[in-house]
$ cat protein-v8.cif   # mmCIF, C-alpha atoms
data_model
loop_
_atom_site.label_atom_id
_atom_site.label_comp_id
_atom_site.auth_asym_id
_atom_site.auth_seq_id
_atom_site.Cartn_x
_atom_site.Cartn_y
_atom_site.Cartn_z
CA GLU G 1 5.27 8.04 12.49
CA THR G 2 4.77 8.55 8.76
CA GLY G 3 2.80 11.79 8.80
CA VAL G 4 -0.41 9.91 7.96
CA THR G 5 -2.72 9.10 10.88
CA GLN G 6 -5.71 6.77 10.77
CA THR G 7 -8.42 6.34 13.39
CA PRO G 8 -9.67 4.12 14.81
CA ARG G 9 -7.00 1.41 14.73
CA HIS G 10 -9.55 -1.34 15.36
CA LEU G 11 -13.29 -1.41 14.73
CA VAL G 12 -15.93 -4.08 15.28
CA MET G 13 -19.33 -3.30 13.81
CA GLY G 14 -22.59 -5.06 13.17
CA MET G 15 -24.04 -5.35 9.69
CA THR G 16 -26.70 -2.72 10.43
CA ASN G 17 -24.32 -0.16 11.95
CA LYS G 18 -22.99 3.04 10.41
CA LYS G 19 -19.40 4.01 11.16
CA SER G 20 -16.66 6.17 9.65
CA LEU G 21 -12.92 5.75 9.23
CA LYS G 22 -10.76 8.86 9.37
CA CYS G 23 -7.42 9.63 7.76
CA GLU G 24 -5.35 12.77 8.24
CA GLN G 25 -2.07 13.70 6.56
CA HIS G 26 0.42 16.37 7.63
CA LEU G 27 2.73 16.12 4.63
CA GLY G 28 1.27 18.80 2.37
CA HIS G 29 0.28 16.19 -0.22
CA ASN G 30 -2.53 16.77 -2.72
CA ALA G 31 -3.67 13.17 -3.34
CA MET G 32 -5.16 10.68 -0.87
CA TYR G 33 -6.07 7.02 -1.25
CA TRP G 34 -8.12 4.27 0.36
CA TYR G 35 -6.96 0.65 0.02
CA LYS G 36 -8.51 -2.60 1.23
CA GLN G 37 -6.37 -5.58 2.23
CA SER G 38 -8.13 -8.85 2.94
CA ALA G 39 -6.29 -11.57 4.85
CA LYS G 40 -2.97 -12.51 3.22
CA LYS G 41 -3.86 -10.66 0.02
CA PRO G 42 -2.29 -7.73 -1.86
CA LEU G 43 -3.66 -4.23 -1.45
CA GLU G 44 -6.69 -3.35 -3.57
CA LEU G 45 -7.12 0.30 -4.55
CA MET G 46 -10.60 1.56 -3.65
CA PHE G 47 -10.65 5.33 -4.11
CA VAL G 48 -8.29 8.13 -5.16
CA TYR G 49 -8.81 11.81 -4.44
CA SER G 50 -6.65 14.40 -6.18
CA LEU G 51 -7.01 18.06 -5.19
CA GLU G 52 -10.14 17.01 -3.27
CA GLU G 53 -11.81 15.60 -6.40
CA ARG G 54 -12.52 11.88 -6.67
CA VAL G 55 -10.52 10.64 -9.65
CA GLU G 56 -10.84 6.91 -9.15
CA ASN G 57 -13.58 4.62 -7.91
CA ASN G 58 -12.43 1.07 -8.43
CA SER G 59 -15.88 -0.56 -8.70
CA VAL G 60 -16.40 -0.30 -4.97
CA PRO G 61 -19.91 -1.15 -3.62
CA SER G 62 -22.02 1.83 -2.58
CA ARG G 63 -22.00 0.69 1.06
CA PHE G 64 -18.55 2.33 1.12
CA SER G 65 -18.80 6.11 0.72
CA PRO G 66 -15.66 8.28 0.68
CA GLU G 67 -15.47 11.95 1.57
CA CYS G 68 -12.57 14.37 1.15
CA PRO G 69 -13.48 17.76 2.71
CA ASN G 70 -9.97 19.18 2.22
CA SER G 71 -6.55 18.04 1.09
CA SER G 72 -5.54 16.95 4.59
CA HIS G 73 -8.52 14.80 5.53
CA LEU G 74 -10.16 11.72 4.06
CA PHE G 75 -13.07 9.72 5.42
CA LEU G 76 -14.59 6.37 4.55
CA HIS G 77 -18.22 6.10 5.62
CA LEU G 78 -19.46 2.56 6.16
CA HIS G 79 -23.06 1.33 6.27
CA THR G 80 -24.80 -2.05 6.02
CA LEU G 81 -21.52 -3.89 5.57
CA GLN G 82 -21.15 -7.63 5.03
CA PRO G 83 -18.85 -10.04 6.89
CA GLU G 84 -16.68 -10.30 3.75
CA ASP G 85 -15.89 -6.60 4.15
CA SER G 86 -13.79 -7.48 7.20
CA ALA G 87 -10.26 -6.42 6.28
CA LEU G 88 -7.43 -3.98 6.94
CA TYR G 89 -8.24 -0.56 5.47
CA LEU G 90 -5.23 1.58 4.66
CA CYS G 91 -5.01 5.26 3.81
CA ALA G 92 -2.14 6.84 1.89
CA SER G 93 -1.12 10.23 0.56
CA SER G 94 1.23 11.48 -2.16
CA SER G 95 1.62 14.39 -4.56
CA ASP G 96 1.94 15.15 -8.24
CA GLY G 97 1.25 11.72 -9.66
CA GLY G 98 4.09 9.86 -8.04
CA ARG G 99 6.67 12.60 -8.25
CA THR G 100 6.74 12.46 -4.46
CA GLU G 101 6.88 9.37 -2.29
CA ALA G 102 3.60 7.91 -1.02
CA PHE G 103 3.19 7.28 2.70
CA PHE G 104 0.67 5.09 4.51
CA GLY G 105 -1.17 5.27 7.78
CA GLN G 106 -1.14 2.38 10.23
CA GLY G 107 -4.50 1.10 9.04
CA THR G 108 -7.87 0.29 10.57
CA ARG G 109 -8.56 -3.37 11.18
CA LEU G 110 -12.31 -3.78 10.60
CA THR G 111 -14.35 -6.75 11.69
CA VAL G 112 -18.00 -7.00 10.59
CA VAL G 113 -20.10 -9.32 12.74
CA GLY A 1 -5.09 -2.79 -16.77
CA ILE A 2 -1.49 -2.94 -15.66
CA GLN A 3 -0.18 -6.18 -14.15
CA VAL A 4 2.37 -5.99 -11.34
CA GLU A 5 3.79 -9.41 -10.57
CA GLN A 6 6.26 -10.25 -7.82
CA SER A 7 8.42 -13.32 -7.43
CA PRO A 8 8.91 -15.50 -5.60
CA PRO A 9 5.56 -15.49 -3.78
CA ASP A 10 7.13 -17.10 -0.71
CA LEU A 11 10.70 -17.24 0.51
CA ILE A 12 12.16 -18.99 3.54
CA LEU A 13 15.70 -18.14 4.61
CA GLN A 14 18.07 -18.86 7.41
CA GLU A 15 19.50 -15.85 9.19
CA GLY A 16 22.54 -14.49 7.38
CA ALA A 17 21.45 -15.54 3.90
CA ASN A 18 21.07 -13.16 0.96
CA SER A 19 18.01 -12.89 -1.29
CA THR A 20 16.68 -11.13 -4.38
CA LEU A 21 13.03 -10.21 -4.84
CA ARG A 22 11.69 -9.28 -8.26
CA CYS A 23 8.89 -6.97 -9.43
CA ASN A 24 7.72 -7.06 -13.06
CA PHE A 25 5.22 -4.56 -14.45
CA SER A 26 3.40 -4.65 -17.77
CA ASP A 27 3.13 -0.94 -18.63
CA SER A 28 5.18 2.24 -18.41
CA VAL A 29 5.29 3.82 -14.98
CA ASN A 30 6.11 7.20 -13.48
CA ASN A 31 7.60 5.81 -10.35
CA LEU A 32 8.09 2.73 -8.21
CA GLN A 33 8.23 2.13 -4.48
CA TRP A 34 9.19 -0.86 -2.33
CA PHE A 35 7.44 -1.43 1.00
CA HIS A 36 7.83 -3.86 3.88
CA GLN A 37 4.60 -4.80 5.66
CA ASN A 38 5.21 -5.83 9.25
CA PRO A 39 3.06 -8.35 11.17
CA TRP A 40 0.83 -5.53 12.46
CA GLY A 41 -0.03 -4.42 8.93
CA GLN A 42 2.05 -1.25 8.86
CA LEU A 43 3.58 -0.45 5.48
CA ILE A 44 7.14 0.77 5.89
CA ASN A 45 8.74 2.70 3.04
CA LEU A 46 11.95 1.09 1.83
CA PHE A 47 12.77 2.73 -1.50
CA TYR A 48 11.34 5.32 -3.87
CA ILE A 49 13.15 4.38 -7.07
CA PRO A 50 11.94 5.29 -10.58
CA SER A 51 15.25 4.15 -12.08
CA GLY A 52 18.81 3.32 -11.15
CA THR A 53 20.14 1.82 -7.93
CA LYS A 54 19.81 2.88 -4.30
CA GLN A 55 21.22 1.39 -1.13
CA ASN A 56 20.15 1.66 2.48
CA GLY A 57 22.18 -0.48 4.87
CA ARG A 58 21.66 -4.15 4.09
CA LEU A 59 18.99 -3.38 1.51
CA SER A 60 19.43 -2.15 -2.02
CA ALA A 61 17.12 -1.78 -5.00
CA THR A 62 17.51 -1.46 -8.75
CA THR A 63 14.85 -0.38 -11.24
CA VAL A 64 15.22 -0.75 -15.01
CA ALA A 65 12.13 1.11 -16.20
CA THR A 66 12.80 0.51 -19.91
CA GLU A 67 12.69 -3.25 -19.26
CA ARG A 68 9.82 -2.95 -16.77
CA TYR A 69 11.30 -4.58 -13.69
CA SER A 70 12.76 -3.79 -10.30
CA LEU A 71 14.84 -5.87 -7.91
CA LEU A 72 15.15 -5.68 -4.13
CA TYR A 73 18.27 -7.19 -2.58
CA ILE A 74 18.43 -8.19 1.07
CA SER A 75 21.85 -9.14 2.37
CA SER A 76 22.73 -10.86 5.66
CA SER A 77 19.04 -11.34 6.44
CA GLN A 78 17.79 -11.05 10.02
CA THR A 79 14.64 -12.38 11.68
CA THR A 80 13.30 -8.81 11.80
CA ASP A 81 13.30 -8.81 7.98
CA SER A 82 10.36 -11.25 8.06
CA GLY A 83 7.09 -9.98 6.63
CA VAL A 84 5.62 -9.21 3.24
CA TYR A 85 7.44 -7.11 0.66
CA PHE A 86 5.41 -5.17 -1.89
CA CYS A 87 6.38 -3.12 -4.88
CA ALA A 88 3.94 -0.45 -6.08
CA VAL A 89 3.90 1.64 -9.24
CA PHE A 90 2.46 4.98 -10.31
CA LEU A 91 1.08 4.66 -13.83
CA SER A 92 2.39 7.05 -16.48
CA TYR A 93 -1.01 7.66 -18.05
CA ASN A 94 -3.10 7.83 -14.85
CA THR A 95 -0.67 9.58 -12.68
CA ASP A 96 -2.57 9.45 -9.38
CA LYS A 97 -3.08 5.68 -9.43
CA LEU A 98 -0.69 3.68 -7.19
CA ILE A 99 -0.98 -0.03 -7.99
CA PHE A 100 0.46 -2.73 -5.77
CA GLY A 101 2.16 -5.96 -6.74
CA THR A 102 1.20 -9.41 -5.54
CA GLY A 103 3.80 -9.43 -2.73
CA THR A 104 6.59 -11.72 -1.53
CA ARG A 105 6.18 -13.30 1.91
CA LEU A 106 9.60 -13.66 3.57
CA GLN A 107 10.30 -15.75 6.64
CA VAL A 108 13.75 -15.62 8.20
CA PHE A 109 14.60 -18.27 10.79
CA PRO A 110 17.44 -18.12 13.32
#

$ encode --input "protein-v8.cif" --output "C-alpha coordinates"
Amino acid sequence: ETGVTQTPRHLVMGMTNKKSLKCEQHLGHNAMYWYKQSAKKPLELMFVYSLEERVENNSVPSRFSPECPNSSHLFLHLHTLQPEDSALYLCASSSDGGRTEAFFGQGTRLTVV
Amino acid sequence: GIQVEQSPPDLILQEGANSTLRCNFSDSVNNLQWFHQNPWGQLINLFYIPSGTKQNGRLSATTVATERYSLLYISSSQTTDSGVYFCAVFLSYNTDKLIFGTGTRLQVFP
(Lines of atoms letter the chains of each structure in order from A and count residues from 1; the text may use other names and numbers.)
(Lines give C-alpha, C1' and ligand atoms only; values in the text may rest on other atoms or scores of the structure.)
Protein backbone atom coordinates (compact mmCIF):
# COMPACT_ATOMS: atom_id res chain seq x y z
CA GLU A 1 0.00 0.00 0.00
CA THR A 2 1.62 3.23 -1.18
CA GLY A 3 -1.11 5.70 -0.26
CA VAL A 4 -2.11 6.03 -3.92
CA THR A 5 -5.11 3.97 -5.06
CA GLN A 6 -6.21 3.43 -8.64
CA THR A 7 -9.47 1.94 -9.88
CA PRO A 8 -10.28 -0.15 -11.76
CA ARG A 9 -7.24 -2.45 -11.87
CA HIS A 10 -8.30 -3.92 -15.22
CA LEU A 11 -10.53 -2.49 -17.93
CA VAL A 12 -11.62 -3.83 -21.31
CA MET A 13 -13.48 -1.35 -23.49
CA GLY A 14 -14.68 -1.08 -27.04
CA MET A 15 -13.56 1.73 -29.31
CA THR A 16 -16.93 3.48 -29.03
CA ASN A 17 -17.18 3.28 -25.24
CA LYS A 18 -16.65 6.02 -22.68
CA LYS A 19 -14.95 5.10 -19.42
CA SER A 20 -13.02 6.82 -16.62
CA LEU A 21 -9.98 5.87 -14.58
CA LYS A 22 -9.80 7.09 -11.00
CA CYS A 23 -6.82 7.88 -8.78
CA GLU A 24 -6.93 8.88 -5.13
CA GLN A 25 -4.01 9.83 -2.88
CA HIS A 26 -3.97 10.00 0.92
CA LEU A 27 -0.49 11.47 1.31
CA GLY A 28 -1.30 15.18 1.45
CA HIS A 29 0.58 15.78 -1.82
CA ASN A 30 -0.18 18.75 -4.07
CA ALA A 31 0.84 17.33 -7.47
CA MET A 32 -0.63 14.36 -9.35
CA TYR A 33 0.43 12.66 -12.57
CA TRP A 34 -0.83 10.32 -15.27
CA TYR A 35 1.65 8.06 -17.08
CA LYS A 36 1.19 5.59 -19.93
CA GLN A 37 3.32 2.46 -20.22
CA SER A 38 3.00 0.40 -23.38
CA ALA A 39 4.28 -3.18 -23.41
CA LYS A 40 7.95 -3.41 -22.38
CA LYS A 41 8.44 0.34 -22.74
CA PRO A 42 9.44 3.11 -20.31
CA LEU A 43 6.82 5.31 -18.70
CA GLU A 44 5.56 8.24 -20.78
CA LEU A 45 4.35 11.30 -18.90
CA MET A 46 0.86 12.32 -20.03
CA PHE A 47 -0.43 14.98 -17.65
CA VAL A 48 0.70 16.84 -14.53
CA TYR A 49 -1.58 18.68 -12.14
CA SER A 50 -0.10 20.99 -9.51
CA LEU A 51 -2.42 22.58 -6.94
CA GLU A 52 -5.31 21.34 -9.10
CA GLU A 53 -4.10 23.25 -12.16
CA ARG A 54 -2.92 21.38 -15.24
CA VAL A 55 0.73 22.32 -15.73
CA GLU A 56 1.72 19.75 -18.32
CA ASN A 57 0.00 18.17 -21.29
CA ASN A 58 2.56 16.09 -23.11
CA SER A 59 0.95 16.21 -26.58
CA VAL A 60 -1.69 13.72 -25.55
CA PRO A 61 -4.60 13.13 -28.00
CA SER A 62 -7.91 14.73 -27.03
CA ARG A 63 -9.55 11.31 -26.63
CA PHE A 64 -7.82 11.35 -23.22
CA SER A 65 -9.30 14.02 -20.94
CA PRO A 66 -7.95 14.54 -17.41
CA GLU A 67 -9.83 16.06 -14.49
CA CYS A 68 -8.53 17.07 -11.07
CA PRO A 69 -11.45 18.22 -8.87
CA ASN A 70 -9.27 18.52 -5.75
CA SER A 71 -5.74 17.75 -4.64
CA SER A 72 -6.63 14.20 -3.58
CA HIS A 73 -8.40 12.99 -6.71
CA LEU A 74 -7.44 12.64 -10.36
CA PHE A 75 -9.47 11.18 -13.20
CA LEU A 76 -8.68 10.20 -16.76
CA HIS A 77 -11.75 10.20 -18.99
CA LEU A 78 -11.49 7.96 -22.05
CA HIS A 79 -13.59 8.10 -25.22
CA THR A 80 -13.30 6.68 -28.75
CA LEU A 81 -9.98 5.03 -27.98
CA GLN A 82 -7.89 3.05 -30.46
CA PRO A 83 -6.37 -0.42 -29.98
CA GLU A 84 -2.91 1.19 -29.75
CA ASP A 85 -4.09 2.94 -26.57
CA SER A 86 -4.03 -0.44 -24.81
CA ALA A 87 -1.44 -0.05 -22.05
CA LEU A 88 -0.82 0.20 -18.33
CA TYR A 89 -1.93 3.60 -17.01
CA LEU A 90 -0.21 4.70 -13.82
CA CYS A 91 -1.06 7.52 -11.44
CA ALA A 92 1.45 9.15 -9.10
CA SER A 93 1.56 11.95 -6.54
CA SER A 94 4.29 14.11 -5.02
CA SER A 95 4.78 17.57 -3.55
CA ASP A 96 6.84 20.70 -4.00
CA GLY A 97 8.57 19.85 -7.25
CA GLY A 98 10.39 16.76 -6.12
CA ARG A 99 11.21 17.89 -2.62
CA THR A 100 9.11 14.96 -1.46
CA GLU A 101 9.20 11.42 -2.78
CA ALA A 102 6.75 10.46 -5.52
CA PHE A 103 4.55 7.40 -5.02
CA PHE A 104 2.61 5.38 -7.59
CA GLY A 105 -0.66 3.54 -7.63
CA GLN A 106 -0.89 -0.06 -8.79
CA GLY A 107 -2.05 0.94 -12.26
CA THR A 108 -4.98 0.21 -14.54
CA ARG A 109 -4.33 -2.30 -17.29
CA LEU A 110 -6.47 -1.11 -20.22
CA THR A 111 -7.34 -3.19 -23.24
CA VAL A 112 -9.16 -1.55 -26.17
CA VAL A 113 -10.95 -4.01 -28.44
CA GLY B 1 14.16 18.01 -23.58
CA ILE B 2 16.10 16.13 -20.95
CA GLN B 3 17.46 12.67 -21.81
CA VAL B 4 17.54 10.01 -19.10
CA GLU B 5 19.48 6.98 -20.25
CA GLN B 6 19.96 3.75 -18.31
CA SER B 7 22.50 1.01 -18.85
CA PRO B 8 22.67 -1.81 -19.43
CA PRO B 9 19.24 -2.27 -21.04
CA ASP B 10 19.21 -5.96 -20.12
CA LEU B 11 21.07 -7.90 -17.47
CA ILE B 12 21.05 -11.62 -16.73
CA LEU B 13 22.57 -12.85 -13.48
CA GLN B 14 22.90 -16.01 -11.51
CA GLU B 15 21.64 -15.88 -7.95
CA GLY B 16 24.29 -14.51 -5.60
CA ALA B 17 25.98 -12.26 -8.15
CA ASN B 18 26.45 -8.52 -7.72
CA SER B 19 25.50 -5.85 -10.27
CA THR B 20 25.65 -2.12 -10.95
CA LEU B 21 22.97 -0.24 -12.87
CA ARG B 22 23.64 3.23 -14.22
CA CYS B 23 21.41 6.26 -14.86
CA ASN B 24 22.75 9.23 -16.86
CA PHE B 25 20.78 12.45 -17.25
CA SER B 26 21.47 15.36 -19.58
CA ASP B 27 20.27 18.34 -17.50
CA SER B 28 20.29 19.56 -13.92
CA VAL B 29 17.73 17.94 -11.67
CA ASN B 30 16.06 18.66 -8.35
CA ASN B 31 15.85 15.07 -7.31
CA LEU B 32 16.21 11.47 -8.40
CA GLN B 33 14.37 8.29 -7.51
CA TRP B 34 15.01 4.60 -8.23
CA PHE B 35 12.07 2.23 -8.71
CA HIS B 36 11.65 -1.51 -9.18
CA GLN B 37 8.72 -2.55 -11.37
CA ASN B 38 7.48 -6.01 -10.52
CA PRO B 39 5.87 -8.42 -13.03
CA TRP B 40 2.41 -7.06 -12.16
CA GLY B 41 3.41 -3.53 -13.11
CA GLN B 42 3.62 -2.09 -9.60
CA LEU B 43 6.35 0.51 -9.14
CA ILE B 44 8.11 0.00 -5.84
CA ASN B 45 10.12 2.88 -4.38
CA LEU B 46 13.74 1.95 -3.75
CA PHE B 47 15.58 5.21 -3.17
CA TYR B 48 14.91 8.95 -3.10
CA ILE B 49 18.43 10.28 -3.57
CA PRO B 50 19.25 13.78 -4.88
CA SER B 51 22.92 13.32 -3.96
CA GLY B 52 25.22 11.17 -1.88
CA THR B 53 24.89 7.50 -0.99
CA LYS B 54 22.11 5.53 0.68
CA GLN B 55 21.86 1.87 1.61
CA ASN B 56 18.90 -0.38 2.24
CA GLY B 57 19.80 -4.00 2.89
CA ARG B 58 21.38 -5.52 -0.20
CA LEU B 59 20.70 -2.41 -2.26
CA SER B 60 22.56 0.86 -2.27
CA ALA B 61 22.52 3.93 -4.49
CA THR B 62 24.85 6.81 -5.21
CA THR B 63 23.99 10.04 -7.03
CA VAL B 64 26.59 12.53 -8.25
CA ALA B 65 24.36 15.38 -9.40
CA THR B 66 27.23 17.60 -10.56
CA GLU B 67 28.31 14.86 -12.98
CA ARG B 68 24.71 13.94 -13.87
CA TYR B 69 24.63 10.26 -13.02
CA SER B 70 23.36 7.82 -10.43
CA LEU B 71 24.27 4.21 -9.71
CA LEU B 72 22.21 1.42 -8.16
CA TYR B 73 24.12 -1.49 -6.64
CA ILE B 74 22.51 -4.87 -6.05
CA SER B 75 24.55 -7.33 -4.01
CA SER B 76 23.95 -11.06 -3.56
CA SER B 77 21.09 -10.96 -6.06
CA GLN B 78 18.01 -13.12 -5.54
CA THR B 79 15.37 -14.33 -7.98
CA THR B 80 12.91 -11.89 -6.40
CA ASP B 81 15.12 -9.03 -7.63
CA SER B 82 14.00 -9.80 -11.20
CA GLY B 83 12.01 -7.09 -12.95
CA VAL B 84 12.64 -3.70 -14.48
CA TYR B 85 14.58 -0.97 -12.68
CA PHE B 86 13.84 2.65 -13.51
CA CYS B 87 15.43 5.88 -12.44
CA ALA B 88 13.33 9.04 -12.61
CA VAL B 89 14.29 12.69 -12.22
CA PHE B 90 12.55 15.90 -11.25
CA LEU B 91 13.75 18.71 -13.50
CA SER B 92 15.25 21.79 -11.87
CA TYR B 93 13.52 24.24 -14.20
CA ASN B 94 10.11 22.51 -14.43
CA THR B 95 9.85 21.31 -10.94
CA ASP B 96 6.65 19.28 -11.22
CA LYS B 97 7.85 17.15 -14.13
CA LEU B 98 9.04 13.62 -13.20
CA ILE B 99 10.81 12.04 -16.18
CA PHE B 100 11.63 8.35 -16.36
CA GLY B 101 14.70 6.65 -17.75
CA THR B 102 14.74 3.91 -20.34
CA GLY B 103 14.93 1.11 -17.74
CA THR B 104 17.13 -1.93 -17.08
CA ARG B 105 15.48 -5.35 -17.32
CA LEU B 106 17.06 -7.72 -14.77
CA GLN B 107 16.62 -11.47 -14.76
CA VAL B 108 18.09 -13.48 -11.89
CA PHE B 109 18.25 -17.25 -12.31
CA PRO B 110 18.72 -19.80 -9.52

$ interface_residues --input "protein-v8.cif" --of "chain A" --to "chain G" --cutoff "10 Å" --atoms "all atoms listed in the file" --output "PDB file with C-alpha atoms, in the coordinates of the input"
ATOM      1  CA  VAL A  29       5.290   3.820 -14.980  1.00  0.00           C
ATOM      2  CA  ASN A  30       6.110   7.200 -13.480  1.00  0.00           C
ATOM      3  CA  ASN A  31       7.600   5.810 -10.350  1.00  0.00           C
ATOM      4  CA  LEU A  32       8.090   2.730  -8.210  1.00  0.00           C
ATOM      5  CA  GLN A  33       8.230   2.130  -4.480  1.00  0.00           C
ATOM      6  CA  PHE A  35       7.440  -1.430   1.000  1.00  0.00           C
ATOM      7  CA  TRP A  40       0.830  -5.530  12.460  1.00  0.00           C
ATOM      8  CA  GLY A  41      -0.030  -4.420   8.930  1.00  0.00           C
ATOM      9  CA  GLN A  42       2.050  -1.250   8.860  1.00  0.00           C
ATOM     10  CA  LEU A  43       3.580  -0.450   5.480  1.00  0.00           C
ATOM     11  CA  ILE A  44       7.140   0.770   5.890  1.00  0.00           C
ATOM     12  CA  ASN A  45       8.740   2.700   3.040  1.00  0.00           C
ATOM     13  CA  PHE A  47      12.770   2.730  -1.500  1.00  0.00           C
ATOM     14  CA  TYR A  48      11.340   5.320  -3.870  1.00  0.00           C
ATOM     15  CA  ILE A  49      13.150   4.380  -7.070  1.00  0.00           C
ATOM     16  CA  PRO A  50      11.940   5.290 -10.580  1.00  0.00           C
ATOM     17  CA  VAL A  84       5.620  -9.210   3.240  1.00  0.00           C
ATOM     18  CA  PHE A  86       5.410  -5.170  -1.890  1.00  0.00           C
ATOM     19  CA  ALA A  88       3.940  -0.450  -6.080  1.00  0.00           C
ATOM     20  CA  VAL A  89       3.900   1.640  -9.240  1.00  0.00           C
ATOM     21  CA  PHE A  90       2.460   4.980 -10.310  1.00  0.00           C
ATOM     22  CA  LEU A  91       1.080   4.660 -13.830  1.00  0.00           C
ATOM     23  CA  SER A  92       2.390   7.050 -16.480  1.00  0.00           C
ATOM     24  CA  TYR A  93      -1.010   7.660 -18.050  1.00  0.00           C
ATOM     25  CA  ASN A  94      -3.100   7.830 -14.850  1.00  0.00           C
ATOM     26  CA  THR A  95      -0.670   9.580 -12.680  1.00  0.00           C
ATOM     27  CA  ASP A  96      -2.570   9.450  -9.380  1.00  0.00           C
ATOM     28  CA  LYS A  97      -3.080   5.680  -9.430  1.00  0.00           C
ATOM     29  CA  LEU A  98      -0.690   3.680  -7.190  1.00  0.00           C
ATOM     30  CA  ILE A  99      -0.980  -0.030  -7.990  1.00  0.00           C
ATOM     31  CA  PHE A 100       0.460  -2.730  -5.770  1.00  0.00           C
ATOM     32  CA  GLY A 101       2.160  -5.960  -6.740  1.00  0.00           C
ATOM     33  CA  THR A 102       1.200  -9.410  -5.540  1.00  0.00           C
ATOM     34  CA  GLY A 103       3.800  -9.430  -2.730  1.00  0.00           C
ATOM     35  CA  THR A 104       6.590 -11.720  -1.530  1.00  0.00           C
ATOM     36  CA  ARG A 105       6.180 -13.300   1.910  1.00  0.00           C
TER      37      ARG A 105
END

$ atom_distance --input "protein-v8.cif" --atom1 "CA of Thr16 in chain G" --atom2 "CA of Asp85 in chain G"
13.1 Å

$ closest_residue --input "protein-v8.cif" --among "G:Thr80, G:Ser93, G:Cys23, G:Leu74" --to "Ser62 in chain G" --atoms "only C-alpha atoms"
G:Thr80

$ residues_around --input "protein-v8.cif" --residues "Gln107 in chain A" --least-positions-apart "3" --cutoff "8 Å" --atoms "all atoms listed in the file" --output "PyMOL selection string"
chain A and resi 11-13+79+81-83

$ resolve_selection --input "protein-v8.cif" --expression "the PyMOL selection byres ((chain A and resi 24) around 8)" --output "number ranges by chain"
A: 4-6, 22-23, 25-26, 68-70

$ write_last_selection --input "protein-v8.cif" --atoms "C-alpha atoms" --output "short mmCIF file (atom, residue, chain, number, x, y, z; two decimals), in the coordinates of the input"
data_model
loop_
_atom_site.label_atom_id
_atom_site.label_comp_id
_atom_site.auth_asym_id
_atom_site.auth_seq_id
_atom_site.Cartn_x
_atom_site.Cartn_y
_atom_site.Cartn_z
CA VAL A 4 2.37 -5.99 -11.34
CA GLU A 5 3.79 -9.41 -10.57
CA GLN A 6 6.26 -10.25 -7.82
CA ARG A 22 11.69 -9.28 -8.26
CA CYS A 23 8.89 -6.97 -9.43
CA PHE A 25 5.22 -4.56 -14.45
CA SER A 26 3.40 -4.65 -17.77
CA ARG A 68 9.82 -2.95 -16.77
CA TYR A 69 11.30 -4.58 -13.69
CA SER A 70 12.76 -3.79 -10.30
#

$ residues_around --input "protein-v8.cif" --residues "Leu59 in chain A" --least-positions-apart "5" --cutoff "9 Å" --atoms "all atoms listed in the file" --output "list in words"
Leu46, Lys54, Leu72, Tyr73, Ile74 and Ser75 of chain A

$ atom_distance --input "protein-v8.cif" --atom1 "CA of Leu78 in chain G" --atom2 "CA of Gly1 in chain A"
27.6 Å

$ resolve_selection --input "protein-v8.cif" --expression "the PyMOL selection byres ((chain A and resi 76) around 8)" --output "VMD selection string"
chain A and resid 15 to 18 58 74 to 75 77 to 78

$ build_atoms --input "protein-v8.cif" --residues "range 13-24 of chain G" --atoms "N, CA and C atoms" --output "PDB file, in the coordinates of the input"
ATOM      1  N   MET G  13     -18.008  -3.865  14.054  1.00  0.00           N
ATOM      2  CA  MET G  13     -19.330  -3.300  13.810  1.00  0.00           C
ATOM      3  C   MET G  13     -20.294  -4.371  13.321  1.00  0.00           C
ATOM      4  N   GLY G  14     -21.564  -4.174  13.657  1.00  0.00           N
ATOM      5  CA  GLY G  14     -22.590  -5.060  13.170  1.00  0.00           C
ATOM      6  C   GLY G  14     -22.999  -4.678  11.759  1.00  0.00           C
ATOM      7  N   MET G  15     -23.703  -5.572  11.100  1.00  0.00           N
ATOM      8  CA  MET G  15     -24.040  -5.350   9.690  1.00  0.00           C
ATOM      9  C   MET G  15     -25.032  -4.197   9.509  1.00  0.00           C
ATOM     10  N   THR G  16     -25.733  -3.804  10.566  1.00  0.00           N
ATOM     11  CA  THR G  16     -26.700  -2.720  10.430  1.00  0.00           C
ATOM     12  C   THR G  16     -26.139  -1.375  10.919  1.00  0.00           C
ATOM     13  N   ASN G  17     -24.910  -1.395  11.420  1.00  0.00           N
ATOM     14  CA  ASN G  17     -24.320  -0.160  11.950  1.00  0.00           C
ATOM     15  C   ASN G  17     -23.868   0.789  10.850  1.00  0.00           C
ATOM     16  N   LYS G  18     -23.659   2.048  11.255  1.00  0.00           N
ATOM     17  CA  LYS G  18     -22.990   3.040  10.410  1.00  0.00           C
ATOM     18  C   LYS G  18     -21.780   3.542  11.186  1.00  0.00           C
ATOM     19  N   LYS G  19     -20.625   3.520  10.525  1.00  0.00           N
ATOM     20  CA  LYS G  19     -19.400   4.010  11.160  1.00  0.00           C
ATOM     21  C   LYS G  19     -18.578   4.741  10.104  1.00  0.00           C
ATOM     22  N   SER G  20     -17.552   5.474  10.570  1.00  0.00           N
ATOM     23  CA  SER G  20     -16.660   6.170   9.650  1.00  0.00           C
ATOM     24  C   SER G  20     -15.214   5.950  10.038  1.00  0.00           C
ATOM     25  N   LEU G  21     -14.371   5.791   9.038  1.00  0.00           N
ATOM     26  CA  LEU G  21     -12.920   5.750   9.230  1.00  0.00           C
ATOM     27  C   LEU G  21     -12.368   7.117   8.854  1.00  0.00           C
ATOM     28  N   LYS G  22     -11.354   7.536   9.609  1.00  0.00           N
ATOM     29  CA  LYS G  22     -10.760   8.860   9.370  1.00  0.00           C
ATOM     30  C   LYS G  22      -9.284   8.727   9.041  1.00  0.00           C
ATOM     31  N   CYS G  23      -8.828   9.573   8.129  1.00  0.00           N
ATOM     32  CA  CYS G  23      -7.420   9.630   7.760  1.00  0.00           C
ATOM     33  C   CYS G  23      -7.014  11.103   7.687  1.00  0.00           C
ATOM     34  N   GLU G  24      -5.856  11.404   8.242  1.00  0.00           N
ATOM     35  CA  GLU G  24      -5.350  12.770   8.240  1.00  0.00           C
ATOM     36  C   GLU G  24      -3.873  12.750   7.848  1.00  0.00           C
TER      37      GLU G  24
END
